[in-house]
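Heads up: the structure comes next, in structure tokens.
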Amino acid sequence: MSTNKRQIIFLRHAQSAEKQAGQTDKQRALTDHGIEQSLRVGNFLQKEKFNIDLILASSAIRTKTTAQLIANTLNNIPPVHLIDEMYQATVAQLAELIQDQEFDTALMVGHNPAISMIITHFTSHEVYLTPAQGCLIEFSAGITRLDIRTGQWIRYIPEA
């Protein structure tokens with residue numbers, strides 16, 4: 001791990017299909033547009049030379065697929081960890097999950113409202129992420145505990 005900074009990209013999953021009869025919410029897949037969105041995000045991250053060490057994603061089909069599509073577009077394919085607890089997680093639960101990981105640059109693919117709210121938790125910068133939109137947050141090297149207001153909002157991912 002480097003000593004300069006830690007970066008986390010918090011990303012809302014790409015556009016998903018409406019829930020079908022007999023289907024649970026966790027089983028909702030991406031639409032064709034959601035697949036395109038995921039590939040665009042991955043291509044953006046590759047073009048901008050983000051060296052992602054780790055991807056954390058909810059185990060819901062739409063987040064899992066978003067994360068896998070992004071990972072597969074990167075030259076250095078990072079491990080994708082599917083975490084059941086991320087589905088319907090609170091901000092505190094998401095913060096605890098990321099706290100326990102070793103990384104320089106991580107991507108967390110989750111669900112609203114928590115994925116948008118965690119950005120405010122770490123930065124006081126309020127956002128509402130649309131599908132396949134995220135934010136890059138940086139933490140100083142000297143911070144040993146990623147906690148409320150310890151991050152700095154840097155930019156939207158992908159940039160319009």
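By order of appearance in the structure tokens: chains A, B, ..., then residues from 1 within every chain, and ligands from 1 in the order shown.
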
Long-range neighbours of Ile70 of chain A as a ChimeraX atom specification, 8 Å cut-off, only C-alpha atoms, 3 positions minimum in chain:
/A:38-39,41-43,66-67,73-74

Lys64 of chain A environment, 12 Å, only C-alpha atoms, sequence neighbours closer than 3 positions dropped, as an MDAnalysis selection string
chainID A and resid 12:14 16 26:30 35 38 55:61 67:71 80:84 86:87 108:111

Would you output that residue set with N, CA and C atoms, as a tab-separated table (two decimals), in the first residue's frame?
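Written output follows (selection37.tsv):
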```tsv
chain	number	residue	atom	x	y	z
A	12	ARG	N	-23.06	3.92	-7.64
A	12	ARG	CA	-24.38	3.30	-7.66
A	12	ARG	C	-24.42	2.34	-8.84
A	13	HIS	N	-25.06	1.19	-8.66
A	13	HIS	CA	-25.17	0.22	-9.74
A	13	HIS	C	-25.80	0.85	-10.98
A	14	ALA	N	-25.56	0.24	-12.12
A	14	ALA	CA	-26.11	0.73	-13.39
A	14	ALA	C	-27.62	0.48	-13.45
A	16	SER	N	-31.17	-0.79	-13.82
A	16	SER	CA	-31.70	-2.15	-13.70
A	16	SER	C	-33.12	-2.22	-14.22
A	26	LYS	N	-33.52	-8.55	-5.26
A	26	LYS	CA	-32.10	-8.89	-5.45
A	26	LYS	C	-31.84	-9.57	-6.79
A	27	GLN	N	-32.87	-10.10	-7.43
A	27	GLN	CA	-32.71	-10.81	-8.69
A	27	GLN	C	-32.83	-9.91	-9.92
A	28	ARG	N	-33.10	-8.64	-9.71
A	28	ARG	CA	-33.26	-7.72	-10.85
A	28	ARG	C	-31.94	-7.60	-11.60
A	29	ALA	N	-32.01	-7.74	-12.91
A	29	ALA	CA	-30.83	-7.68	-13.78
A	29	ALA	C	-30.65	-6.27	-14.33
A	30	LEU	N	-29.53	-6.05	-14.99
A	30	LEU	CA	-29.31	-4.78	-15.68
A	30	LEU	C	-30.07	-4.78	-17.00
A	35	ILE	N	-25.96	-2.23	-18.96
A	35	ILE	CA	-24.72	-2.90	-19.39
A	35	ILE	C	-23.80	-1.90	-20.07
A	38	SER	N	-22.22	0.40	-17.49
A	38	SER	CA	-21.15	-0.27	-16.74
A	38	SER	C	-19.86	-0.29	-17.55
A	55	ILE	N	-12.61	-4.41	-5.48
A	55	ILE	CA	-13.99	-4.02	-5.73
A	55	ILE	C	-14.87	-4.73	-4.72
A	56	LEU	N	-15.68	-3.96	-4.02
A	56	LEU	CA	-16.68	-4.49	-3.10
A	56	LEU	C	-18.05	-4.23	-3.71
A	57	ALA	N	-18.91	-5.25	-3.76
A	57	ALA	CA	-20.23	-5.07	-4.35
A	57	ALA	C	-21.26	-5.87	-3.58
A	58	SER	N	-22.45	-5.33	-3.55
A	58	SER	CA	-23.59	-6.06	-3.01
A	58	SER	C	-23.78	-7.33	-3.83
A	59	SER	N	-24.36	-8.34	-3.22
A	59	SER	CA	-24.59	-9.60	-3.92
A	59	SER	C	-25.84	-9.58	-4.81
A	60	ALA	N	-26.57	-8.47	-4.83
A	60	ALA	CA	-27.71	-8.36	-5.74
A	60	ALA	C	-27.20	-8.45	-7.19
A	61	ILE	N	-27.99	-9.05	-8.06
A	61	ILE	CA	-27.57	-9.29	-9.44
A	61	ILE	C	-27.13	-7.99	-10.13
A	67	ALA	N	-20.34	-4.50	-11.22
A	67	ALA	CA	-18.95	-4.65	-10.75
A	67	ALA	C	-18.14	-5.54	-11.68
A	68	GLN	N	-18.70	-6.66	-12.10
A	68	GLN	CA	-17.96	-7.59	-12.97
A	68	GLN	C	-17.66	-6.96	-14.32
A	69	LEU	N	-18.64	-6.27	-14.90
A	69	LEU	CA	-18.41	-5.62	-16.19
A	69	LEU	C	-17.31	-4.56	-16.09
A	70	ILE	N	-17.33	-3.79	-15.03
A	70	ILE	CA	-16.28	-2.78	-14.83
A	70	ILE	C	-14.93	-3.46	-14.66
A	71	ALA	N	-14.86	-4.46	-13.80
A	71	ALA	CA	-13.60	-5.15	-13.55
A	71	ALA	C	-13.01	-5.72	-14.83
A	80	VAL	N	-13.20	-9.04	-7.16
A	80	VAL	CA	-14.53	-8.53	-6.84
A	80	VAL	C	-15.05	-9.35	-5.67
A	81	HIS	N	-15.30	-8.67	-4.56
A	81	HIS	CA	-15.83	-9.33	-3.36
A	81	HIS	C	-17.32	-9.00	-3.27
A	82	LEU	N	-18.15	-10.05	-3.34
A	82	LEU	CA	-19.60	-9.87	-3.22
A	82	LEU	C	-19.97	-10.02	-1.75
A	83	ILE	N	-20.67	-9.02	-1.24
A	83	ILE	CA	-20.96	-8.97	0.20
A	83	ILE	C	-22.47	-8.84	0.39
A	84	ASP	N	-23.08	-9.91	0.92
A	84	ASP	CA	-24.52	-9.92	1.15
A	84	ASP	C	-24.97	-8.74	2.02
A	86	MET	N	-24.09	-5.80	2.11
A	86	MET	CA	-24.18	-4.50	1.44
A	86	MET	C	-25.58	-4.22	0.92
A	87	TYR	N	-26.36	-5.26	0.67
A	87	TYR	CA	-27.73	-5.08	0.20
A	87	TYR	C	-28.56	-4.55	1.37
A	108	MET	N	-16.52	0.69	-4.54
A	108	MET	CA	-17.64	0.10	-3.82
A	108	MET	C	-18.89	0.33	-4.65
A	109	VAL	N	-19.52	-0.76	-5.11
A	109	VAL	CA	-20.72	-0.69	-5.94
A	109	VAL	C	-21.91	-1.08	-5.08
A	110	GLY	N	-22.83	-0.13	-4.90
A	110	GLY	CA	-23.94	-0.38	-4.00
A	110	GLY	C	-25.24	0.22	-4.48
A	111	HIS	N	-26.13	0.42	-3.51
A	111	HIS	CA	-27.51	0.83	-3.76
A	111	HIS	C	-27.78	2.17	-3.07
```

Can you tell me, as a PyMOL selection string, which residues in segment 54-151 of chain A count as strand (DSSP E or B) by DSSP?
chain A and resi 54-58+80-83+105-110+134-140+151

Would you export the selected residues with C-alpha atoms as a PDB file, in the first residue's frame, please?
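Contents of again-v5.pdb, freshly written:
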```
ATOM      1  CA  LEU A  54     -10.320  -4.070  -4.777  1.00  0.00           C
ATOM      2  CA  ILE A  55     -13.989  -4.016  -5.732  1.00  0.00           C
ATOM      3  CA  LEU A  56     -16.683  -4.493  -3.099  1.00  0.00           C
ATOM      4  CA  ALA A  57     -20.231  -5.071  -4.354  1.00  0.00           C
ATOM      5  CA  SER A  58     -23.585  -6.062  -3.006  1.00  0.00           C
ATOM      6  CA  VAL A  80     -14.528  -8.531  -6.840  1.00  0.00           C
ATOM      7  CA  HIS A  81     -15.834  -9.326  -3.362  1.00  0.00           C
ATOM      8  CA  LEU A  82     -19.597  -9.872  -3.217  1.00  0.00           C
ATOM      9  CA  ILE A  83     -20.959  -8.971   0.197  1.00  0.00           C
ATOM     10  CA  THR A 105      -7.871   2.521  -4.471  1.00  0.00           C
ATOM     11  CA  ALA A 106     -11.148   0.673  -3.955  1.00  0.00           C
ATOM     12  CA  LEU A 107     -14.451   0.667  -5.824  1.00  0.00           C
ATOM     13  CA  MET A 108     -17.639   0.097  -3.823  1.00  0.00           C
ATOM     14  CA  VAL A 109     -20.716  -0.689  -5.944  1.00  0.00           C
ATOM     15  CA  GLY A 110     -23.944  -0.384  -4.001  1.00  0.00           C
ATOM     16  CA  GLY A 134     -20.177   7.658  -8.504  1.00  0.00           C
ATOM     17  CA  CYS A 135     -17.843   9.900  -6.589  1.00  0.00           C
ATOM     18  CA  LEU A 136     -14.136   9.672  -5.869  1.00  0.00           C
ATOM     19  CA  ILE A 137     -13.255  10.332  -2.227  1.00  0.00           C
ATOM     20  CA  GLU A 138      -9.689  10.691  -0.926  1.00  0.00           C
ATOM     21  CA  PHE A 139      -8.377  10.103   2.558  1.00  0.00           C
ATOM     22  CA  SER A 140      -5.026  11.391   3.791  1.00  0.00           C
ATOM     23  CA  GLY A 151     -12.556  12.247   3.427  1.00  0.00           C
TER      24      GLY A 151
END
```

So which one's closest to Ile52 of chain A, A:Thr120, A:Gln7, A:Gln152, A:Thr65? Using only C-alpha atoms, please.
A:Gln7

Tell me, as an MDAnalysis selection string, which residues lie within 8 Å of segment 97-103 of chain A, counting only C-alpha atoms; anything in the same chain fewer than 3 positions away does not count.
chainID A and resid 1 6 53:54 93:94 106 145:146

Point out the residue among A:Leu129, A:Asn72, A:Ile119, A:Thr31 with the least atom-to-atom distance to Ile8 of chain A, counting only C-alpha atoms.
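Ranked by minimum distance to Ile8 of chain A, first place goes to A:Ile119.
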
For the structure I just gave you, how does DSSP split chain A - specifically, which residues are helix (DSSP H, G or I)? Reply as a PyMOL selection string.
chain A and resi 25-27+32-47+61-73+84-86+91-99+114-123
